[in-house]
$ cat upload_4.cif   # mmCIF, C-alpha atoms
data_upload
#
loop_
_atom_site.label_atom_id
_atom_site.label_comp_id
_atom_site.auth_asym_id
_atom_site.auth_seq_id
_atom_site.Cartn_x
_atom_site.Cartn_y
_atom_site.Cartn_z
CA MET A 240 -38.33 -68.93 112.91
CA ASN A 241 -35.12 -70.96 112.46
CA ILE A 242 -31.99 -71.64 114.49
CA ALA A 243 -30.09 -68.72 112.99
CA ALA A 244 -32.90 -66.29 113.84
CA LEU A 245 -33.16 -67.57 117.41
CA ARG A 246 -29.41 -67.35 117.87
CA ALA A 247 -29.53 -63.71 116.72
CA ALA A 248 -32.38 -62.77 119.11
CA ARG A 249 -31.16 -60.46 121.90
CA SER A 250 -33.13 -60.65 125.12
CA ILE A 251 -30.89 -57.92 126.55
CA ASP A 252 -32.41 -55.43 124.08
CA VAL A 253 -35.93 -56.51 125.07
CA ASP A 254 -35.00 -56.06 128.74
CA ALA A 255 -33.74 -52.55 128.04
CA ALA A 256 -37.00 -51.66 126.30
CA ALA A 257 -39.05 -53.09 129.18
CA ASN A 258 -37.07 -51.06 131.73
CA SER A 259 -37.60 -47.88 129.72
CA TRP A 260 -41.37 -48.43 129.53
CA LEU A 261 -41.48 -49.23 133.25
CA ALA A 262 -39.69 -45.96 134.05
CA LEU A 263 -42.22 -44.05 131.93
CA SER A 264 -45.13 -45.77 133.67
CA LYS A 265 -43.75 -44.86 137.09
CA GLN A 266 -43.19 -41.26 136.02
CA ALA A 267 -46.78 -41.04 134.80
CA TRP A 268 -48.10 -42.36 138.11
CA GLN A 269 -45.90 -39.91 140.00
CA ALA A 270 -47.41 -37.11 137.92
CA VAL A 271 -50.91 -38.38 138.77
CA ASN A 272 -50.12 -38.29 142.48
CA ASP A 273 -48.48 -34.85 142.22
CA ILE A 274 -51.49 -33.40 140.38
CA HIS A 275 -53.80 -34.62 143.14
CA ALA A 276 -51.54 -33.62 146.02
CA ASN A 277 -50.49 -30.22 144.70
CA GLY A 278 -53.46 -29.28 142.54
CA VAL A 279 -56.78 -31.06 142.90
CA ASP A 280 -56.79 -31.44 146.70
CA PRO A 281 -55.61 -27.88 147.52
CA LEU A 282 -58.17 -26.46 145.08
CA LYS A 283 -61.01 -28.34 146.80
CA GLU A 284 -59.84 -27.01 150.13
CA ASN A 285 -58.99 -23.42 149.25
CA TRP A 286 -60.81 -22.40 146.05
CA LYS A 287 -64.44 -23.40 146.34
CA ASP A 288 -66.15 -21.16 143.80
CA ARG A 289 -67.10 -22.13 140.23
CA VAL A 290 -63.70 -21.14 138.84
CA GLY A 291 -61.92 -23.31 141.37
CA GLU A 292 -64.23 -26.22 140.65
CA ALA A 293 -63.62 -25.87 136.91
CA ALA A 294 -59.86 -25.78 137.44
CA GLY A 295 -60.08 -28.86 139.64
CA ARG A 296 -62.09 -30.77 137.02
CA LYS A 297 -59.52 -29.91 134.37
CA LEU A 298 -56.67 -31.13 136.53
CA GLU A 299 -58.56 -34.32 137.32
CA GLU A 300 -59.06 -34.88 133.60
CA HIS A 301 -55.31 -34.62 133.00
CA ALA A 302 -54.67 -36.97 135.92
CA ARG A 303 -57.06 -39.55 134.47
CA ILE A 304 -55.33 -39.37 131.08
CA LEU A 305 -51.93 -39.90 132.71
CA GLU A 306 -53.31 -42.76 134.81
CA ALA A 307 -54.67 -44.53 131.74
CA GLY A 308 -51.35 -44.10 129.98
CA ALA A 309 -49.42 -45.40 132.97
CA ASP A 310 -51.51 -48.59 133.12
CA ILE A 311 -51.23 -49.20 129.37
CA MET A 312 -47.46 -48.76 129.54
CA ARG A 313 -47.34 -51.24 132.40
CA GLY A 314 -49.06 -53.71 130.08
CA VAL A 315 -46.28 -53.17 127.55
CA VAL A 316 -43.72 -53.94 130.26
CA MET A 317 -45.47 -57.21 131.10
CA VAL A 318 -45.40 -58.41 127.49
CA LEU A 319 -41.76 -57.44 126.99
CA ASP A 320 -40.72 -59.12 130.25
CA ALA A 321 -42.31 -62.37 129.13
CA LEU A 322 -40.76 -62.13 125.67
CA SER A 323 -37.28 -61.62 127.13
CA ALA A 324 -37.57 -64.54 129.55
CA THR A 325 -38.95 -66.83 126.85
CA ILE A 326 -36.19 -65.97 124.37
CA THR A 327 -33.57 -66.69 127.01
CA ARG A 328 -35.09 -70.07 127.89
CA ALA A 329 -35.53 -71.06 124.25
CA LYS A 330 -31.90 -70.23 123.51
CA LEU A 331 -30.76 -72.40 126.40
CA THR A 332 -32.72 -75.35 125.04
CA MET A 333 -31.30 -74.71 121.57
CA ASN A 334 -27.73 -74.46 122.85
CA SER A 335 -28.13 -77.64 124.87
CA ALA A 336 -29.23 -79.44 121.69
CA LEU A 337 -26.31 -78.03 119.71
CA ASP A 338 -23.87 -79.08 122.44
CA LEU A 339 -25.31 -82.59 122.35
CA ALA A 340 -24.82 -82.66 118.58
CA LYS A 341 -21.16 -81.78 119.02
CA GLN A 342 -20.73 -84.60 121.55
CA TYR A 343 -21.91 -87.08 118.93
CA GLY A 344 -19.94 -85.51 116.10
CA LEU A 345 -23.10 -84.30 114.38
CA THR A 346 -23.69 -81.05 112.50
CA VAL A 347 -26.82 -78.95 112.43
CA ASP A 348 -27.87 -76.74 109.52
CA GLU A 349 -29.01 -73.49 111.19
CA THR A 350 -31.36 -72.62 108.34
CA THR A 351 -33.15 -75.93 107.85
CA GLY A 352 -32.44 -77.53 111.23
CA THR A 353 -31.23 -80.73 109.56
CA VAL A 354 -28.97 -82.90 111.73
CA ARG A 355 -26.24 -84.81 109.91
CA SER A 356 -23.32 -87.05 110.78
CA ALA A 357 -19.80 -85.84 110.04
CA SER A 358 -19.76 -87.90 106.85
CA GLY A 359 -23.11 -86.52 105.81
CA GLY A 360 -24.61 -90.02 105.58
CA ALA A 361 -26.87 -92.12 107.80
CA ASP A 362 -25.44 -93.66 110.95
CA ALA A 363 -27.61 -96.07 112.93
CA SER A 364 -25.46 -95.62 116.05
CA THR A 365 -26.58 -92.00 116.41
CA ASP A 366 -30.24 -92.42 115.49
CA ASN A 367 -31.43 -91.94 119.08
CA ALA A 368 -29.21 -88.90 119.54
CA VAL A 369 -30.51 -87.36 116.31
CA GLN A 370 -34.10 -87.85 117.46
CA GLU A 371 -33.34 -86.27 120.85
CA ILE A 372 -31.52 -83.32 119.27
CA ASN A 373 -34.30 -82.75 116.76
CA ALA A 374 -36.92 -82.81 119.50
CA MET A 375 -35.01 -80.24 121.58
CA LEU A 376 -34.43 -77.96 118.60
CA GLN A 377 -38.09 -78.10 117.60
CA GLU A 378 -39.11 -77.36 121.16
CA ALA A 379 -36.80 -74.33 121.32
CA LEU A 380 -38.13 -72.98 118.03
CA ARG A 381 -41.75 -73.64 119.04
CA GLU A 382 -41.27 -71.82 122.33
CA ALA A 383 -39.66 -68.80 120.68
CA ALA A 384 -42.20 -68.65 117.85
CA GLN A 385 -45.25 -68.79 120.11
CA ALA A 386 -43.82 -66.05 122.35
CA ASP A 387 -43.03 -63.87 119.34
CA LYS A 388 -46.55 -64.34 117.95
CA LEU A 389 -48.30 -63.59 121.25
CA ALA A 390 -46.09 -60.59 122.00
CA ALA A 391 -46.54 -59.08 118.54
CA ALA A 392 -50.31 -59.38 118.68
CA GLU A 393 -50.59 -57.93 122.17
CA LEU A 394 -48.21 -55.05 121.50
CA ARG A 395 -50.22 -54.13 118.42
CA LYS A 396 -53.37 -53.93 120.57
CA LEU A 397 -51.66 -51.75 123.15
CA ALA A 398 -50.20 -49.50 120.46
CA ALA A 399 -53.68 -49.00 118.99
CA ALA A 400 -54.96 -47.90 122.42
CA THR A 401 -52.55 -45.00 122.98
CA CYS A 402 -55.46 -42.53 122.81
CA GLU A 403 -57.46 -44.32 125.53
CA THR A 404 -58.22 -41.90 128.37
CA ASP A 405 -60.51 -44.03 130.57
CA PRO A 406 -58.45 -45.38 133.50
CA ARG A 407 -60.95 -48.17 134.18
CA LYS A 408 -60.71 -49.49 130.64
CA ALA A 409 -56.93 -49.10 130.59
CA LEU A 410 -56.57 -51.13 133.78
CA ASP A 411 -59.41 -53.66 133.65
CA ALA A 412 -59.36 -54.37 129.93
CA LEU A 413 -56.04 -53.43 128.33
CA GLN A 414 -53.56 -54.08 131.14
CA ARG A 415 -55.53 -57.08 132.33
CA GLU A 416 -55.32 -58.71 128.91
CA ALA A 417 -51.60 -57.93 128.68
CA SER A 418 -51.14 -59.48 132.11
CA GLN A 419 -52.85 -62.68 131.02
CA THR A 420 -50.82 -62.73 127.81
CA GLU A 421 -47.64 -62.52 129.86
CA LEU A 422 -48.58 -65.62 131.83
CA ALA A 423 -49.71 -67.41 128.67
CA MET A 424 -46.26 -66.82 127.21
CA TYR A 425 -44.60 -68.44 130.23
CA THR A 426 -46.99 -71.40 130.17
CA GLY A 427 -46.70 -71.75 126.40
CA GLY A 428 -42.97 -72.14 126.77
CA ILE A 429 -43.40 -75.36 128.74
CA PRO A 430 -43.34 -78.60 126.71
CA SER A 431 -46.66 -80.45 126.40
CA GLY A 432 -45.47 -83.55 128.25
CA GLU A 433 -46.21 -85.95 125.40
CA ASP A 434 -42.49 -86.83 125.41
CA PRO A 435 -41.23 -87.11 129.01
CA ARG A 436 -37.63 -87.44 127.79
CA LEU A 437 -37.94 -84.10 126.00
CA VAL A 438 -39.33 -82.54 129.18
CA ALA A 439 -36.41 -83.94 131.18
CA ASP A 440 -33.89 -82.61 128.64
CA TRP A 441 -35.60 -79.23 128.58
CA TRP A 442 -35.65 -79.00 132.38
CA LYS A 443 -31.99 -80.03 132.61
CA ALA A 444 -30.96 -77.34 130.11
CA LEU A 445 -32.40 -74.56 132.29
CA THR A 446 -30.42 -72.70 134.91
CA ASP A 447 -31.35 -73.08 138.58
CA ASN A 448 -32.83 -69.59 138.53
CA GLN A 449 -34.96 -70.31 135.47
CA ARG A 450 -36.31 -73.47 137.08
CA LYS A 451 -37.20 -71.45 140.14
CA GLN A 452 -38.92 -68.83 137.98
CA LEU A 453 -41.04 -71.46 136.26
CA MET A 454 -41.96 -73.09 139.56
CA LEU A 455 -43.23 -69.71 140.74
CA SER A 456 -44.99 -68.66 137.55
CA ASP A 457 -46.83 -71.91 136.77
CA PRO A 458 -46.68 -74.47 139.59
CA VAL A 459 -49.87 -76.25 138.51
CA THR A 460 -48.57 -77.19 135.06
CA LEU A 461 -45.17 -78.33 136.32
CA ALA A 462 -46.62 -80.38 139.17
CA ASN A 463 -48.61 -82.44 136.67
CA LEU A 464 -46.03 -82.64 133.86
CA PRO A 465 -44.43 -86.01 132.98
CA GLY A 466 -40.66 -85.69 132.92
CA ILE A 467 -40.33 -83.15 135.76
CA PRO A 468 -38.30 -84.70 138.62
CA ASP A 469 -40.41 -86.09 141.46
CA ASP A 470 -38.59 -84.07 144.11
CA VAL A 471 -39.47 -80.87 142.22
CA LYS A 472 -43.14 -81.86 142.16
CA VAL A 473 -43.09 -82.59 145.88
CA GLY A 474 -41.46 -79.22 146.53
CA LEU A 475 -44.10 -77.43 144.50
CA ARG A 476 -46.80 -78.93 146.71
CA GLY A 477 -45.03 -77.75 149.85
CA GLY A 478 -42.46 -80.44 150.58
CA PRO A 479 -42.63 -83.94 152.09
CA ASN A 480 -43.95 -82.63 155.42
CA ALA A 481 -46.45 -80.13 154.01
CA LYS A 482 -49.65 -79.66 155.97
CA TYR A 483 -51.59 -78.66 152.87
CA ASP A 484 -51.05 -78.97 149.13
CA ARG A 485 -50.10 -75.57 147.73
CA VAL A 486 -50.69 -76.67 144.13
CA LYS A 487 -54.25 -77.83 144.91
CA THR A 488 -54.93 -74.52 146.66
CA VAL A 489 -53.74 -72.56 143.63
CA GLN A 490 -55.58 -74.82 141.19
CA TRP A 491 -58.88 -74.47 143.08
CA ALA A 492 -58.53 -70.69 143.26
CA LEU A 493 -57.86 -70.43 139.52
CA ASP A 494 -60.80 -72.69 138.73
CA HIS A 495 -63.33 -70.97 141.03
CA TRP A 496 -62.44 -67.25 141.08
CA ASP A 497 -65.81 -66.41 139.47
CA ASP A 498 -67.88 -69.23 141.02
CA THR A 499 -70.80 -67.60 142.84
CA SER A 500 -72.05 -70.93 144.20
CA ILE A 501 -69.51 -70.65 147.02
CA ASP A 502 -70.82 -67.26 148.24
CA VAL A 503 -72.05 -66.95 151.81
CA PHE A 504 -71.94 -63.20 152.44
CA GLY A 505 -72.06 -60.00 150.44
CA ASP A 506 -68.27 -59.79 150.49
CA ASN A 507 -66.68 -63.19 149.95
CA CYS A 508 -62.98 -62.45 149.55
CA THR A 509 -61.93 -64.17 152.78
CA ASN A 510 -64.45 -66.98 152.44
CA PHE A 511 -62.84 -67.68 149.02
CA ALA A 512 -59.31 -67.77 150.45
CA SER A 513 -60.38 -70.04 153.30
CA GLU A 514 -62.10 -72.42 150.90
CA ALA A 515 -58.99 -72.51 148.69
CA LEU A 516 -56.89 -73.54 151.69
CA ARG A 517 -59.47 -76.14 152.70
CA GLN A 518 -59.46 -77.58 149.19
CA GLY A 519 -55.69 -77.79 149.45
CA GLY A 520 -56.03 -79.93 152.57
CA LEU A 521 -55.72 -77.43 155.43
CA ARG A 522 -57.56 -79.00 158.35
CA ALA A 523 -60.18 -77.15 160.34
CA LYS A 524 -59.68 -76.16 163.97
CA GLY A 525 -62.87 -76.45 165.96
CA ASP A 526 -63.98 -76.09 169.55
CA GLY A 527 -65.47 -79.17 171.18
CA LEU A 528 -67.84 -77.08 173.26
CA TRP A 529 -68.71 -74.12 171.05
CA GLY A 530 -68.16 -75.55 167.55
CA TRP A 531 -67.44 -72.78 165.07
CA ARG A 532 -68.67 -70.15 167.55
CA GLY A 533 -65.44 -70.39 169.54
CA ASP A 534 -63.08 -67.45 169.26
CA ASP A 535 -60.09 -69.65 168.46
CA THR A 536 -61.49 -71.68 165.57
CA TRP A 537 -61.16 -71.86 161.80
CA GLY A 538 -63.54 -73.86 159.61
CA ARG A 539 -67.05 -74.35 158.39
CA SER A 540 -69.71 -77.03 158.43
CA GLU A 541 -70.26 -79.17 155.35
CA ASP A 542 -73.91 -78.10 155.13
CA ALA A 543 -73.20 -74.41 155.69
CA GLY A 544 -75.46 -71.79 154.15
CA GLY A 545 -78.91 -70.36 154.56
CA ASP A 546 -79.97 -67.20 156.38
CA TRP A 547 -77.67 -64.93 158.36
CA LEU A 548 -78.26 -66.80 161.62
CA SER A 549 -77.30 -70.21 160.23
CA GLN A 550 -74.22 -68.63 158.66
CA ARG A 551 -73.08 -67.44 162.08
CA VAL A 552 -73.45 -70.98 163.34
CA ASP A 553 -71.81 -72.72 160.38
CA TYR A 554 -68.76 -70.48 159.83
CA SER A 555 -66.09 -69.42 162.26
CA LYS A 556 -65.33 -65.72 162.52
CA SER A 557 -61.86 -66.40 161.12
CA TRP A 558 -63.30 -68.18 158.08
CA ALA A 559 -64.92 -65.19 156.41
CA GLY A 560 -63.45 -62.07 158.06
CA ALA A 561 -60.15 -60.70 156.74
CA GLN A 562 -58.91 -59.29 160.05
CA ASN A 563 -60.06 -62.36 161.99
CA MET A 564 -58.47 -64.82 159.54
CA HIS A 565 -55.19 -62.91 159.47
CA ASP A 566 -55.00 -62.72 163.26
CA PHE A 567 -55.97 -66.37 163.72
CA LEU A 568 -53.30 -67.64 161.31
CA MET A 569 -50.61 -65.43 162.81
CA ARG A 570 -51.44 -66.80 166.28
CA HIS A 571 -51.13 -70.35 165.03
CA GLY A 572 -47.77 -70.86 163.38
CA SER A 573 -48.04 -68.80 160.20
CA GLU A 574 -45.49 -66.13 159.34
CA GLU A 575 -45.31 -63.01 157.25
CA VAL A 576 -42.77 -63.21 154.42
CA PRO A 577 -41.20 -60.37 152.40
CA PRO A 578 -42.36 -59.85 148.82
CA ASP A 579 -39.21 -61.40 147.33
CA GLN A 580 -39.93 -64.68 149.13
CA VAL A 581 -43.62 -65.04 148.26
CA LYS A 582 -44.75 -68.31 146.68
CA PRO A 583 -47.98 -69.51 145.07
CA GLY A 584 -50.24 -70.82 147.80
CA ASP A 585 -49.43 -67.97 150.21
CA ILE A 586 -52.16 -65.54 151.27
CA VAL A 587 -52.08 -61.75 150.81
CA TYR A 588 -53.92 -59.35 153.11
CA TYR A 589 -54.56 -55.66 152.47
CA GLU A 590 -54.36 -53.29 155.43
CA GLU A 591 -55.67 -49.73 155.24
CA ASP A 592 -52.72 -47.41 155.86
CA SER A 593 -54.35 -44.00 155.56
CA ASP A 594 -57.34 -42.00 156.72
CA GLN A 595 -58.55 -41.56 153.13
CA ASP A 596 -60.95 -44.50 152.97
CA ASP A 597 -64.45 -44.09 154.37
CA GLN A 598 -65.01 -47.86 154.65
CA ASP A 599 -62.12 -48.93 156.86
CA LYS A 600 -60.09 -47.17 159.51
CA LYS A 601 -56.32 -46.98 159.37
CA GLY A 602 -54.79 -50.26 160.51
CA ALA A 603 -57.76 -52.42 159.51
CA VAL A 604 -57.07 -55.60 157.50
CA HIS A 605 -59.94 -55.50 155.03
CA HIS A 606 -59.18 -57.73 152.04
CA THR A 607 -57.87 -61.25 151.38
CA ALA A 608 -56.60 -62.96 148.21
CA VAL A 609 -54.66 -66.07 147.21
CA VAL A 610 -51.20 -65.78 145.66
CA THR A 611 -51.38 -67.91 142.50
CA ALA A 612 -48.19 -66.96 140.62
CA VAL A 613 -45.01 -64.90 140.76
CA THR A 614 -43.55 -63.82 137.42
CA PRO A 615 -39.79 -63.92 136.68
CA ASP A 616 -39.53 -60.16 137.23
CA GLY A 617 -40.92 -60.64 140.76
CA ASP A 618 -44.46 -59.42 140.12
CA ILE A 619 -46.81 -61.18 142.53
CA ARG A 620 -50.10 -62.38 141.02
CA TYR A 621 -53.20 -62.87 143.14
CA THR A 622 -56.60 -64.43 142.55
CA GLN A 623 -59.66 -63.18 144.40
CA HIS A 624 -63.40 -63.66 144.37
CA SER A 625 -65.00 -60.39 145.43
CA GLY A 626 -64.19 -57.99 142.62
CA GLY A 627 -63.16 -61.14 140.76
CA GLN A 628 -59.59 -61.27 139.50
CA LYS A 629 -57.60 -64.21 138.13
CA ASN A 630 -53.81 -63.95 138.35
CA ALA A 631 -54.04 -60.16 138.71
CA SER A 632 -50.84 -58.15 139.04
CA VAL A 633 -50.02 -56.59 142.40
CA GLY A 634 -47.49 -54.26 140.80
CA GLY A 635 -49.77 -53.33 137.92
CA ARG A 636 -52.88 -52.62 140.02
CA ILE A 637 -51.67 -51.27 143.36
CA ASP A 638 -51.40 -47.62 142.26
CA ALA A 639 -54.98 -47.54 141.01
CA PHE A 640 -56.16 -49.33 144.15
CA GLN A 641 -54.43 -46.78 146.36
CA GLU A 642 -55.78 -43.90 144.28
CA GLN A 643 -59.27 -45.04 145.32
CA ARG A 644 -58.74 -46.42 148.81
CA GLY A 645 -55.62 -44.70 150.10
CA HIS A 646 -52.20 -46.15 150.87
CA GLN A 647 -52.16 -49.88 151.64
CA LYS A 648 -49.87 -52.20 153.55
CA LEU A 649 -49.70 -55.64 151.97
CA HIS A 650 -49.06 -58.61 154.26
CA PHE A 651 -47.95 -61.85 152.59
CA VAL A 652 -48.61 -64.76 154.93
CA ARG A 653 -47.20 -68.27 154.69
CA VAL A 654 -49.72 -70.59 156.29
CA ASN A 655 -48.19 -73.13 158.69
CA PRO A 656 -50.86 -74.50 161.06
CA ASP A 657 -49.71 -75.49 164.54
CA TRP A 658 -52.96 -77.26 165.53
CA TYR A 659 -52.09 -80.53 163.81
#

$ encode --input "upload_4.cif" --output "structure tokens"
Amino acid sequence: MNIAALRAARSIDVDAAANSWLALSKQAWQAVNDIHANGVDPLKENWKDRVGEAAGRKLEEHARILEAGADIMRGVVMVLDALSATITRAKLTMNSALDLAKQYGLTVDETTGTVRSASGGADASTDNAVQEINAMLQEALREAAQADKLAAAELRKLAAATCETDPRKALDALQREASQTELAMYTGGIPSGEDPRLVADWWKALTDNQRKQLMLSDPVTLANLPGIPDDVKVGLRGGPNAKYDRVKTVQWALDHWDDTSIDVFGDNCTNFASEALRQGGLRAKGDGLWGWRGDDTWGRSEDAGGDWLSQRVDYSKSWAGAQNMHDFLMRHGSEEVPPDQVKPGDIVYYEEDSDQDDQDKKGAVHHTAVVTAVTPDGDIRYTQHSGGQKNASVGGRIDAFQEQRGHQKLHFVRVNPDWY
């Protein structure tokens, strides 16, 4: 990878490819739903002999094949989205370095990357500028090269899996890995922080929208990166008047998504989200008379655990129950935000919106997760404990979830406690 190659890279072409694959994925999922609605379900209802059962099984087989293909194609979209965003950012850094060279009357060889004075000789007065320009150019090339390498490897894996017909494997192995590769490409495009001046130059070269995208896709890295402006770091944590640290909440969730030592019940999704907020600094709300048994409380005792009776004593109902936690927070200052305003550190709740599921009735809030990232294309990533997922894709997984559990309403809640 050299300057000339990076200059020639066209993120617009990558975007076009990503949009085409996304359209194909959506069409495949529509076909899955149509096969079930117009074929499998009517057959079960109206053609109950062996021939009808055989026809239904055949249709279900085709639906599963289409579902697997849809999820694999969504993985392709994720990789291409990350590649496009990374190319665009790398080119901005490169162009900023080239503009700086012009300001100092320096030239840059686009093949070798060599920076020279106009005379071609050494000039002590521009030594610092040359070092800064070189550092920015190397950073741009490093960012582009790592994205190209990761994307190429992942796309080869997805291409080799085009015959996969198992929806579970397509979603939980292939798409999941592509999803993690996408985030790795965003994170890999951030400077290491060894040179704070380089980080500052890199950050300055980005557009406001690209800074916002990075703050949403990897708040933990940016909040701890030398060279990022202090006001940005404060904003990532929730602002100067924040009542809990959003970065610490996200960091804890990412570090403990598969930590069984925190379990208190058979289903620990809400317990996990509550603990993530507590680790971020959200204060408990108790009841002086009833402790955690009060109806309007949120919290747990430090020595919580043990048998079912002690758990009732040591945990509030809102601590470990999805519906109870949602209702408690909404009574106490929190607000629901639309998907395009979601930030890491928010909480997502799943509400059953059909009569299909035999576990929860329509209208029941039954699942809780922590929002830990939002990718530049607006895909919300969540981390959960029960059915462990780390930075899982809402957009990539919701169709499969609804295929099993019925239509869902997702509620994204911004926690803003009014009790302190």

$ residues_around --input "upload_4.cif" --residues "A:Gly427" --least-positions-apart "4" --cutoff "9 Å" --atoms "all atoms listed in the file" --output "ChimeraX atom specification"
/A:382,385-386,422-423,431

$ residues_around --input "upload_4.cif" --residues "A:Tyr588" --least-positions-apart "4" --cutoff "12 Å" --atoms "all atoms listed in the file" --output "PyMOL selection string"
chain A and resi 508-509+512+560-566+568-569+575-576+602-610+621+623+633+647-653

$ resolve_selection --input "upload_4.cif" --expression "the PyMOL selection byres ((chain A and resi 601) around 10)" --output "PyMOL selection string"
chain A and resi 590-600+602-604+645-647

$ closest_atom_pairs --input "upload_4.cif" --of "stretch 323-390 of chain A" --to "stretch 447-468 of chain A" --cutoff "10 Å" --atoms "only C-alpha atoms" --output "Markdown table"
| residue | atom | partner | partner_atom | distance |
| --- | --- | --- | --- | --- |
| A:Ala324 | CA | A:Gln449 | CA | 8.7 |
| A:Thr327 | CA | A:Gln449 | CA | 9.3 |
| A:Arg328 | CA | A:Gln449 | CA | 7.6 |

$ closest_residue --input "upload_4.cif" --among "A:Leu319, A:Leu437, A:Met312, A:Ala390" --to "A:Ala262" --atoms "all atoms listed in the file"
A:Met312

$ atom_distance --input "upload_4.cif" --atom1 "atom CA of A:Val503" --atom2 "atom CA of A:Trp531"
15.2 Å

$ closest_residue --input "upload_4.cif" --among "A:Lys297, A:Arg381, A:Lys443, A:Arg620" --to "A:Ala329" --atoms "all atoms listed in the file"
A:Arg381

$ closest_residue --input "upload_4.cif" --among "A:Gly525, A:Gly519, A:Pro583, A:Pro577" --to "A:Lys556" --atoms "only C-alpha atoms"
A:Gly525

$ closest_residue --input "upload_4.cif" --among "A:Gln414, A:Ser540, A:Ser557, A:Thr420" --to "A:Ala392" --atoms "only C-alpha atoms"
A:Thr420

$ closest_residue --input "upload_4.cif" --among "A:Leu261, A:Ala309, A:Val369, A:Met424" --to "A:Leu322" --atoms "all atoms listed in the file"
A:Met424

$ closest_residue --input "upload_4.cif" --among "A:Ser356, A:Ser555, A:Ser418, A:Thr446" --to "A:Val315" --atoms "all atoms listed in the file"
A:Ser418

$ residues_around --input "upload_4.cif" --residues "A:Ser335" --least-positions-apart "6" --cutoff "12 Å" --atoms "only C-alpha atoms" --output "ChimeraX atom specification"
/A:328-329,341-342,371-376,378-379,437,440-446

$ resolve_selection --input "upload_4.cif" --expression "the PyMOL selection byres ((chain A and resi 494) around 12)" --output "PyMOL selection string"
chain A and resi 459+487-493+495-499+511+515+518+611+622-624+627-630

$ atom_distance --input "upload_4.cif" --atom1 "atom CA of A:Pro430" --atom2 "atom CA of A:Pro479"
25.9 Å

$ atom_distance --input "upload_4.cif" --atom1 "atom CA of A:Leu394" --atom2 "atom CA of A:Asp320"
12.2 Å

$ residues_around --input "upload_4.cif" --residues "A:Ala248" --least-positions-apart "5" --cutoff "12 Å" --atoms "all atoms listed in the file" --output "PyMOL selection string"
chain A and resi 240-243+253+322-330+380+383-384+387

$ residues_around --input "upload_4.cif" --residues "A:Gly533" --least-positions-apart "2" --cutoff "12 Å" --atoms "all atoms listed in the file" --output "list in words"
Lys524, Gly525, Asp526, Gly527, Leu528, Trp529, Gly530, Trp531, Asp535, Thr536, Trp537, Gly538, Arg539, Arg551, Val552, Asp553, Tyr554, Ser555, Lys556, Ser557, Trp558 and Phe567 of chain A

$ resolve_selection --input "upload_4.cif" --expression "the PyMOL selection byres ((chain A and resi 400) around 12)" --output "JSON, numbers by chain"
{"A": [307, 308, 310, 311, 312, 314, 315, 393, 394, 395, 396, 397, 398, 399, 401, 402, 403, 404, 405, 406, 408, 409, 410, 412, 413, 414]}
